[in-house]
Structure formats: C-alpha cells, structure tokens
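To be precise, the following lines are upload_39.cif, and they hold mmCIF, C-alpha atoms.
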```cif
data_work
loop_
_atom_site.label_atom_id
_atom_site.label_comp_id
_atom_site.auth_asym_id
_atom_site.auth_seq_id
_atom_site.Cartn_x
_atom_site.Cartn_y
_atom_site.Cartn_z
CA MET A 1 119.69 84.05 108.20
CA SER A 2 116.00 84.99 107.88
CA ASP A 3 113.80 84.62 104.82
CA ILE A 4 112.52 88.03 103.79
CA VAL A 5 109.00 88.44 102.43
CA GLY A 6 108.10 91.82 100.97
CA LEU A 7 104.59 93.30 100.96
CA ALA A 8 103.90 96.14 98.52
CA LYS A 9 100.56 97.90 98.07
CA VAL A 10 99.66 99.09 94.60
CA ALA A 11 98.49 102.71 94.84
CA ASP A 12 98.12 103.63 91.18
CA GLU A 13 98.40 102.18 87.67
CA ASN A 14 102.21 102.16 87.61
CA LEU A 15 102.52 98.43 88.24
CA ASN A 16 106.18 98.35 87.20
CA PHE A 17 107.07 100.64 90.09
CA TYR A 18 105.32 98.46 92.67
CA VAL A 19 106.69 95.21 91.28
CA SER A 20 110.18 96.71 91.51
CA LYS A 21 109.43 97.85 95.05
CA ALA A 22 108.25 94.39 96.08
CA LEU A 23 111.41 92.78 94.70
CA ASP A 24 113.57 95.33 96.52
CA LEU A 25 111.71 94.66 99.77
CA ALA A 26 112.32 90.94 99.29
CA ASN A 27 116.02 91.65 98.69
CA PHE A 28 115.89 89.84 95.34
CA ASN A 29 119.05 89.86 93.24
CA ILE A 30 120.34 87.97 90.21
CA ARG A 31 123.92 86.86 90.70
CA ARG A 32 124.48 84.71 87.62
CA LYS A 33 124.12 84.83 83.88
CA VAL A 34 120.51 84.36 82.78
CA GLU A 35 119.72 83.19 79.27
CA SER A 36 116.34 81.57 79.93
CA VAL A 37 113.40 82.61 82.13
CA SER A 38 110.31 80.54 82.95
CA ILE A 39 107.33 82.28 84.58
CA LYS A 40 104.77 79.83 86.02
CA VAL A 41 101.38 81.49 86.22
CA ASN A 42 98.17 80.12 87.73
CA LEU A 43 95.50 79.59 85.07
CA CYS A 44 93.50 76.94 86.88
CA TYR A 45 90.44 77.47 84.71
CA TYR A 46 89.01 79.88 82.12
CA TRP A 47 88.03 82.54 84.65
CA ASP A 48 89.36 86.07 84.30
CA SER A 49 91.76 87.50 86.89
CA PHE A 50 89.07 89.80 88.33
CA THR A 51 87.40 86.68 89.77
CA GLY A 52 90.47 86.08 91.95
CA TYR A 53 91.15 82.69 90.36
CA THR A 54 93.86 83.40 87.78
CA THR A 55 97.08 85.39 87.56
CA ASP A 56 96.57 88.86 86.11
CA PRO A 57 98.42 89.20 82.76
CA LYS A 58 99.06 92.88 83.56
CA LEU A 59 101.13 91.85 86.56
CA VAL A 60 103.01 89.31 84.44
CA ALA A 61 103.71 92.05 81.89
CA SER A 62 105.18 94.20 84.66
CA ILE A 63 107.42 91.34 85.83
CA ILE A 64 108.76 91.03 82.29
CA ASP A 65 109.37 94.78 82.06
CA VAL A 66 111.17 94.88 85.42
CA LEU A 67 113.36 91.88 84.55
CA ARG A 68 114.42 93.58 81.35
CA GLU A 69 114.85 97.11 82.65
CA LYS A 70 115.98 96.64 86.26
CA TYR A 71 117.96 93.43 85.86
CA ARG A 72 119.03 93.97 82.23
CA LEU A 73 117.67 90.69 80.92
CA HIS A 74 116.96 92.16 77.49
CA ASN A 75 118.35 89.16 75.61
CA ALA A 76 116.99 86.37 77.80
CA ASP A 77 114.54 83.89 76.29
CA MET A 78 111.39 84.39 78.37
CA ARG A 79 108.50 81.93 78.56
CA ILE A 80 105.17 82.05 80.33
CA VAL A 81 104.33 78.48 81.30
CA GLU A 82 101.29 76.55 82.47
CA ALA A 83 100.19 72.92 82.30
CA ASP A 84 96.95 71.23 81.28
CA ALA A 85 94.53 70.10 83.98
CA THR A 86 91.52 67.80 83.89
CA ALA A 87 89.12 70.56 82.86
CA MET A 88 91.55 73.12 81.47
CA ARG A 89 93.80 73.16 78.42
CA ALA A 90 96.60 75.68 78.59
CA PHE A 91 96.23 76.46 74.89
CA HIS A 92 92.66 77.69 75.40
CA ALA A 93 93.44 79.44 78.69
CA PHE A 94 96.25 81.42 77.06
CA LYS A 95 93.84 82.53 74.35
CA MET A 96 90.84 83.30 76.56
CA LEU A 97 92.70 85.08 79.37
CA ASN A 98 94.59 87.58 77.18
CA TYR A 99 97.97 85.88 77.38
CA GLU A 100 98.33 85.63 73.61
CA GLU A 101 98.12 89.43 73.37
CA LEU A 102 100.61 89.75 76.23
CA ALA A 103 103.07 87.39 74.57
CA GLU A 104 102.89 89.27 71.27
CA GLU A 105 103.24 92.66 72.94
CA LYS A 106 106.23 91.66 75.09
CA GLY A 107 107.91 89.30 72.64
CA VAL A 108 107.79 86.27 74.92
CA THR A 109 106.74 82.66 74.36
CA LEU A 110 103.74 80.79 75.73
CA PHE A 111 104.58 77.20 76.60
CA ASN A 112 102.40 74.29 77.66
CA LEU A 113 104.34 72.25 80.22
CA SER A 114 102.21 69.23 79.31
CA ASN A 115 104.07 69.11 75.99
CA ASP A 116 107.50 69.23 77.64
CA LYS A 117 109.98 66.41 78.01
CA VAL A 118 109.48 64.70 81.34
CA ALA A 119 112.02 63.84 84.00
CA VAL A 120 110.92 61.31 86.60
CA ARG A 121 112.23 62.28 90.03
CA LYS A 122 111.88 60.32 93.23
CA VAL A 123 111.51 62.13 96.53
CA CYS A 124 110.84 61.00 100.08
CA VAL A 125 108.12 62.85 101.98
CA ASN A 126 106.63 61.85 105.31
CA ASN A 127 108.47 58.51 105.11
CA ARG A 128 106.86 57.80 101.75
CA GLU A 129 108.68 57.64 98.43
CA LEU A 130 106.95 59.51 95.64
CA SER A 131 107.78 59.28 91.95
CA LEU A 132 106.85 62.57 90.27
CA LYS A 133 106.92 63.52 86.61
CA ILE A 134 108.57 66.93 86.29
CA PRO A 135 108.81 69.09 83.13
CA GLN A 136 112.45 68.99 82.07
CA SER A 137 112.62 72.67 81.14
CA LEU A 138 111.80 73.78 84.70
CA LEU A 139 114.84 71.87 85.93
CA GLU A 140 117.07 73.56 83.37
CA THR A 141 115.84 77.18 83.23
CA ASP A 142 118.27 79.82 84.50
CA LEU A 143 115.57 81.86 86.25
CA PHE A 144 112.36 80.26 87.50
CA ILE A 145 109.62 82.62 88.70
CA ASN A 146 106.50 81.39 90.48
CA MET A 147 103.43 83.67 90.11
CA PRO A 148 100.51 82.21 92.10
CA LYS A 149 97.23 83.73 93.26
CA MET A 150 96.18 84.34 96.85
CA LYS A 151 93.03 82.30 97.36
CA ILE A 152 91.27 79.65 99.41
CA MET A 153 90.72 75.99 98.57
CA SER A 154 88.72 73.47 100.57
CA ALA A 155 91.25 70.64 100.28
CA THR A 156 94.29 72.70 101.36
CA VAL A 157 92.70 75.74 103.10
CA ILE A 158 94.96 78.12 101.17
CA THR A 159 96.39 77.75 97.69
CA CYS A 160 99.32 79.93 96.79
CA ALA A 161 103.04 79.45 96.04
CA LEU A 162 103.56 75.80 97.04
CA LYS A 163 100.26 74.67 95.50
CA ASN A 164 101.02 76.50 92.23
CA LEU A 165 104.08 74.29 91.79
CA PHE A 166 101.90 71.21 92.36
CA GLY A 167 100.29 72.29 89.08
CA CYS A 168 103.63 71.67 87.34
CA ILE A 169 103.46 67.92 87.86
CA ALA A 170 103.24 66.39 84.39
CA THR A 171 100.23 64.24 85.22
CA ARG A 172 97.05 65.74 83.82
CA ARG A 173 94.62 63.98 86.15
CA LYS A 174 96.12 64.87 89.48
CA ILE A 175 93.26 63.13 91.26
CA VAL A 176 95.74 60.26 91.72
CA TYR A 177 97.29 62.38 94.49
CA HIS A 178 93.99 62.86 96.33
CA LYS A 179 94.92 60.67 99.29
CA MET A 180 98.38 62.20 99.64
CA LEU A 181 97.83 65.78 98.52
CA ASP A 182 99.98 67.40 101.21
CA GLU A 183 102.81 64.97 100.49
CA ALA A 184 102.60 65.62 96.74
CA ILE A 185 102.66 69.41 97.23
CA VAL A 186 105.68 69.18 99.52
CA GLY A 187 107.34 66.62 97.26
CA VAL A 188 107.26 68.74 94.12
CA ASN A 189 108.55 71.69 96.15
CA LYS A 190 111.51 69.61 97.30
CA ILE A 191 112.35 69.11 93.62
CA LEU A 192 111.47 72.45 92.02
CA LYS A 193 113.12 75.50 93.55
CA PRO A 194 111.91 78.78 92.04
CA HIS A 195 114.34 81.65 92.40
CA LEU A 196 111.53 84.14 92.99
CA THR A 197 107.87 84.01 93.99
CA VAL A 198 105.60 86.95 93.20
CA VAL A 199 102.04 86.54 94.47
CA ASP A 200 99.22 88.23 92.60
CA GLY A 201 97.22 89.70 95.45
CA ILE A 202 95.67 92.44 93.34
CA ILE A 203 92.42 90.53 93.76
CA GLY A 204 92.36 88.07 96.64
CA LEU A 205 89.79 85.30 96.82
CA GLY A 206 88.29 84.48 100.17
CA ARG A 207 84.60 84.30 100.97
CA PHE A 208 84.31 86.54 97.92
CA PRO A 209 86.82 88.31 95.63
CA VAL A 210 88.30 91.41 97.23
CA LYS A 211 90.54 94.12 95.82
CA MET A 212 93.67 93.88 97.98
CA ASN A 213 96.01 95.74 95.58
CA LEU A 214 98.81 93.65 97.05
CA ILE A 215 102.02 92.18 95.68
CA VAL A 216 103.86 89.66 97.85
CA ALA A 217 107.43 88.74 96.93
CA GLY A 218 110.03 86.38 98.34
CA THR A 219 112.71 83.90 97.36
CA ASN A 220 111.34 81.01 99.45
CA PRO A 221 107.82 79.88 98.47
CA PHE A 222 107.29 78.26 101.87
CA SER A 223 107.96 81.55 103.64
CA VAL A 224 105.73 83.40 101.19
CA ASP A 225 102.89 80.98 101.90
CA CYS A 226 103.31 81.33 105.65
CA VAL A 227 102.91 85.10 105.35
CA VAL A 228 100.00 84.84 102.90
CA SER A 229 98.21 82.38 105.19
CA LYS A 230 98.43 84.91 108.02
CA ILE A 231 97.03 87.65 105.78
CA MET A 232 94.15 85.31 104.98
CA GLY A 233 93.54 84.76 108.69
CA TYR A 234 95.02 81.29 109.15
CA ASN A 235 97.76 79.88 111.33
CA PRO A 236 100.46 78.29 109.10
CA SER A 237 101.04 75.53 111.64
CA GLN A 238 97.44 74.39 111.18
CA ILE A 239 97.64 74.10 107.39
CA GLY A 240 98.57 70.58 106.38
CA HIS A 241 101.08 71.17 103.59
CA LEU A 242 102.78 74.03 105.48
CA LYS A 243 103.08 71.98 108.65
CA LEU A 244 104.52 69.10 106.65
CA GLY A 245 106.74 71.44 104.64
CA HIS A 246 108.29 72.77 107.85
CA ARG A 247 108.97 69.23 109.04
CA GLU A 248 110.47 68.31 105.65
CA GLY A 249 112.85 71.26 105.61
CA LEU A 250 111.19 73.63 103.13
CA GLY A 251 111.50 76.46 105.62
CA ASP A 252 110.95 77.63 109.18
CA PRO A 253 108.14 80.05 110.15
CA ARG A 254 110.36 81.35 112.97
CA GLU A 255 112.94 82.58 110.48
CA ILE A 256 110.68 84.77 108.36
CA ARG A 257 110.99 88.54 108.33
CA VAL A 258 108.12 90.54 106.85
CA VAL A 259 108.90 93.97 105.43
CA GLY A 260 106.76 96.61 103.80
CA GLU A 261 103.03 96.86 104.51
CA ASP A 262 101.38 96.16 107.87
CA LEU A 263 100.33 92.51 107.89
CA GLU A 264 97.59 93.06 110.47
CA LYS A 265 95.91 95.76 108.38
CA LEU A 266 95.99 93.46 105.37
CA ARG A 267 94.46 90.67 107.44
CA GLU A 268 91.53 92.96 108.28
CA MET A 269 90.85 93.42 104.56
CA PHE A 270 90.67 89.76 103.63
CA PRO A 271 87.22 88.08 103.69
CA ARG A 272 88.14 84.96 105.60
CA VAL A 273 86.14 81.76 105.25
CA ARG A 274 85.74 79.71 108.41
CA GLY A 275 86.78 76.07 108.07
CA LEU A 276 83.34 74.48 108.47
CA ARG A 277 81.71 76.99 106.14
CA LEU A 278 84.46 76.44 103.56
CA LYS A 279 83.97 72.67 103.60
CA MET A 280 80.16 72.85 103.58
CA GLY A 281 80.10 75.49 100.84
CA ASN A 282 82.41 73.50 98.63
CA ARG A 283 80.46 70.31 99.25
CA VAL A 284 77.30 71.98 97.94
CA GLN A 285 79.16 73.48 94.96
CA ILE A 286 80.71 70.12 94.09
CA GLN A 287 77.33 68.41 94.07
CA LEU A 288 75.90 71.15 91.85
CA PHE A 289 78.81 70.89 89.42
CA LYS A 290 78.51 67.12 89.27
CA LEU A 291 74.79 67.46 88.54
CA TYR A 292 75.57 70.04 85.84
CA SER A 293 78.15 67.73 84.29
CA ARG A 294 75.76 64.78 84.18
CA ILE A 295 73.00 66.87 82.58
CA VAL A 296 74.99 68.68 79.87
CA GLY A 297 78.03 66.44 79.48
CA ASP A 298 80.38 69.36 80.09
CA VAL A 299 83.74 69.15 81.83
CA THR A 300 83.93 69.60 85.56
CA PRO A 301 86.06 72.36 87.07
CA PRO A 302 89.58 71.42 88.13
CA PHE A 303 89.07 71.76 91.89
CA LEU A 304 86.91 68.62 91.74
CA GLU A 305 90.17 66.70 91.29
CA THR A 306 90.86 67.22 94.97
#
```
Translate the structure of the given file into structure tokens.
Amino acid sequence: MSDIVGLAKVADENLNFYVSKALDLANFNIRRKVESVSIKVNLCYYWDSFTGYTTDPKLVASIIDVLREKYRLHNADMRIVEADATAMRAFHAFKMLNYEELAEEKGVTLFNLSNDKVAVRKVCVNNRELSLKIPQSLLETDLFINMPKMKIMSATVITCALKNLFGCIATRRKIVYHKMLDEAIVGVNKILKPHLTVVDGIIGLGRFPVKMNLIVAGTNPFSVDCVVSKIMGYNPSQIGHLKLGHREGLGDPREIRVVGEDLEKLREMFPRVRGLRLKMGNRVQIQLFKLYSRIVGDVTPPFLET
C-alpha cells in the first residue's frame, strides 16, 4: 500500500478550504476517539513566518478550525507545542511570533515541551544504541500533528518533517548530537509517530524566501520529506537522514504516491541552493555570527548547534 502525499496550492485567503483540500488529498481520516491534540510547530528562532524560518500561525489557526469543523473535534484539548533551543526560548517565541494571540482567539493552550515530564527511550539506529529524552505528553496524545517548514539547512541539506521532530528531543543543547545528527533524527522518528504532517510551504526558504503558496500533507513524515526534497531540487537518496531513514524502515521512496499539484512545476519555483554554495555561504554566516556573539555577548542562532 502506497503512502499518499497531497500537494495543495493556496489560491486565495480561504486557508481553511485549502487545508481541508490537502488533508483530503492525503486521504487523512480519524478513526478513533480524540480527547487531546498536540500540534508541533517550528519556531526555531524569533524570525517571523514571512522569512521562511517559522511556521505561520495563520496556517496553524486553519488546522485548528478544520479539526473542529471537519473532524468534529470541538471538545478536544488542543495544544500548540514547541521546545526550547540553545538560542530560543519557546515562551518568548510564542509571544513574539503572534502565537499568544492565536491561542487566545482559538481557545487552545501553548505548551513548552522543555517543561514536560521526560521519558527516556532507547533506540537502535545504524547499529548504534541511542538514549533519547522524549516529552511524555507526545507519547500519550491522541492526535499528534507535525507542522514543519520547507527550508534548507547546511548540515542536513533540507529540514522539514523529520528534522522538526528532532526539535522535540528534551535536550536543550542538541550540539551533543553533532557527530551523529542523521542517526538522532532517524532515532527520534522511530519513537515519535505523528498521525499527520502538514508542511507550511506558504513561504519556502531556499537561496532566498519565495512565496510558494503550498501546503503539503501526508501521514508518513518520511514520505512527506521525500516529496519536499524533490520540490526543493534534491534527490532523497542523496540526503543523509532520508537515506538512513529508508534503511531503518521509516518508509520507502518507491511506495510514495503524489496527488494534487504538479511536482515539476513546483520544483521550477523553488530557489535551489547548490551544495557547495550552501556550505560556503553558511560557513561565512557562522563566522560572522560568532564574531557578533563575541563582540556583543548576545546569543548565537540555533543553527550553530549543528
């Protein structure tokens, strides 16, 4: 049975309609009683969604509306969740990126996963045993929704669904995983299994931010990432954590069926960054940020962890 990934283009301001369309394309259904919902957004730093770095709260609001109206989850306890990082505190990100207003408007809770109870889970990846600290609530929630961004990252080429779950690991300084980043990404995805992934591709981030007006939906984050990597101009088999994820049983690129928008046309829209340029550009940026940090004593952005 193939994994279906739905591609929906947003043509006007009726986001609820296009979110619903994307979920229909992905053949998403809820077949059990849902009393709790956790929505993991990507707030990697204090940059607004128009930069392409963070999940758009308007899209999150539409997900909440669709869950309540289409799937009748009016009484479910819904939480928007994120964890602290080296240079980001979820409390401040929620405030600065308009999530406090969203939570008040929609009657949902904002929750910092760094304050959650922790479950230590062991997992074997690439013949290596990893011990990962996982927020207990994500293991217990009835409906777990992963809402990453579509963007590039020097250490992993792309960062999307699988990498967004890496952010759930309850270790603030994730630099400890630097030498085994692919293994850590795959490991946490062998433990955490979101029921739905909805990618915010309204603004994609490649060589520069670009308005894609795209929503990508699927029930398997590995399959979603394979499709997103193709849109961004990369071969999934040449991306470390996807190659390893295939080998470790997260999914199979040969069993993915894409429905909805034309993938090739979307690929033409995305401002791809060539590998060498990506590495060189990030190397220069990292040196500049380190210099900035030494001069003013400010925090360094979270991507310096990797």
*For the atom pair CA of Leu67 in chain A and CA of Gly6 in chain A, what is the interatomic distance in Å to one decimal place?*
17.2 Å
*Between CA of Ile4 in chain A and CA of Asn235 in chain A - distance in Å to one decimal*: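 About the pair CA of Asn235 in chain A and CA of Ile4 in chain A: they are 18.5 Å apart.
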_Nearest to Phe166 in chain A by atom-to-atom distance, counting only C-alpha atoms, from A:Asn27, A:Asn98, A:Asn42, A:Asn213_ =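 Nearest candidate to Phe166 in chain A out of A:Asn27, A:Asn98, A:Asn42, A:Asn213: A:Asn42.
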*Resolved residues for the PyMOL selection byres ((chain A and resi 189) around 8) as number ranges by chain*: A: 162, 165-166, 185-188, 190-193, 250
*Find the residue from A:Gly251, A:Gly167, A:Pro194, A:Gly52 that sits nearest to Cys226 in chain A; use only C-alpha atoms when measuring.*
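Selected residue with least distance to Cys226 in chain A: A:Gly251.
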*Dig up all the protein and nucleic acid residues within 12 Å of (108.1, 65.6, 81.5) in the file frame, using only C-alpha atoms, and format them as a VMD selection string.*
chain A and resid 83 112 to 121 132 to 139 168 to 172
*Taking the file as shown, find all residues satisfying the PyMOL selection byres ((chain A and resi 196-198) around 6) and write them as number ranges by chain.*
A: 145-147, 194-195, 199, 216-219
*What lies within 12 Å of Arg68 in chain A using only C-alpha atoms, ignoring chain neighbours under 6 positions off, as a count of residues only?*
15
*Could you jot down the CA of Leu130 in chain A to CA of Asn164 in chain A separation for me, Å, one decimal place?*
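Value for the CA of Leu130 in chain A-CA of Asn164 in chain A distance: 18.3 Å.
Under the PyMOL selection byres ((chain A and resi 202) around 7), the matching residues in the shown file are Asp200, Gly201, Ile203, Gly204, Lys211, Met212, Asn213, Leu214 and Ile215 of chain A.
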*Take the point (110.7, 72.8, 105.2) in the file's coordinates, draw a sphere of radius 12 Å around it, and report as an NGL selection string every protein, DNA or RNA residue with an atom inside or on it, counting all atoms listed in the file.*
:A and (125-126 or 162 or 185-187 or 189-190 or 220-223 or 225-226 or 237 or 241-255)
Step by step, gather every atom of range 81-86 of chain A that the file lists, find the box along x, y and z that holds them, add 4 Å on each side, and finally give centre and edge lengths in Å to one decimal, as JSON.
```
{"center_x": 97.9, "center_y": 73.1, "center_z": 82.6, "size_x": 20.8, "size_y": 18.7, "size_z": 10.7}
```
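With distances restricted to all atoms listed in the file, A:Ala184 is the closest residue to Cys124 in chain A from A:Ala184, A:Val66, A:Tyr45, A:Val258.
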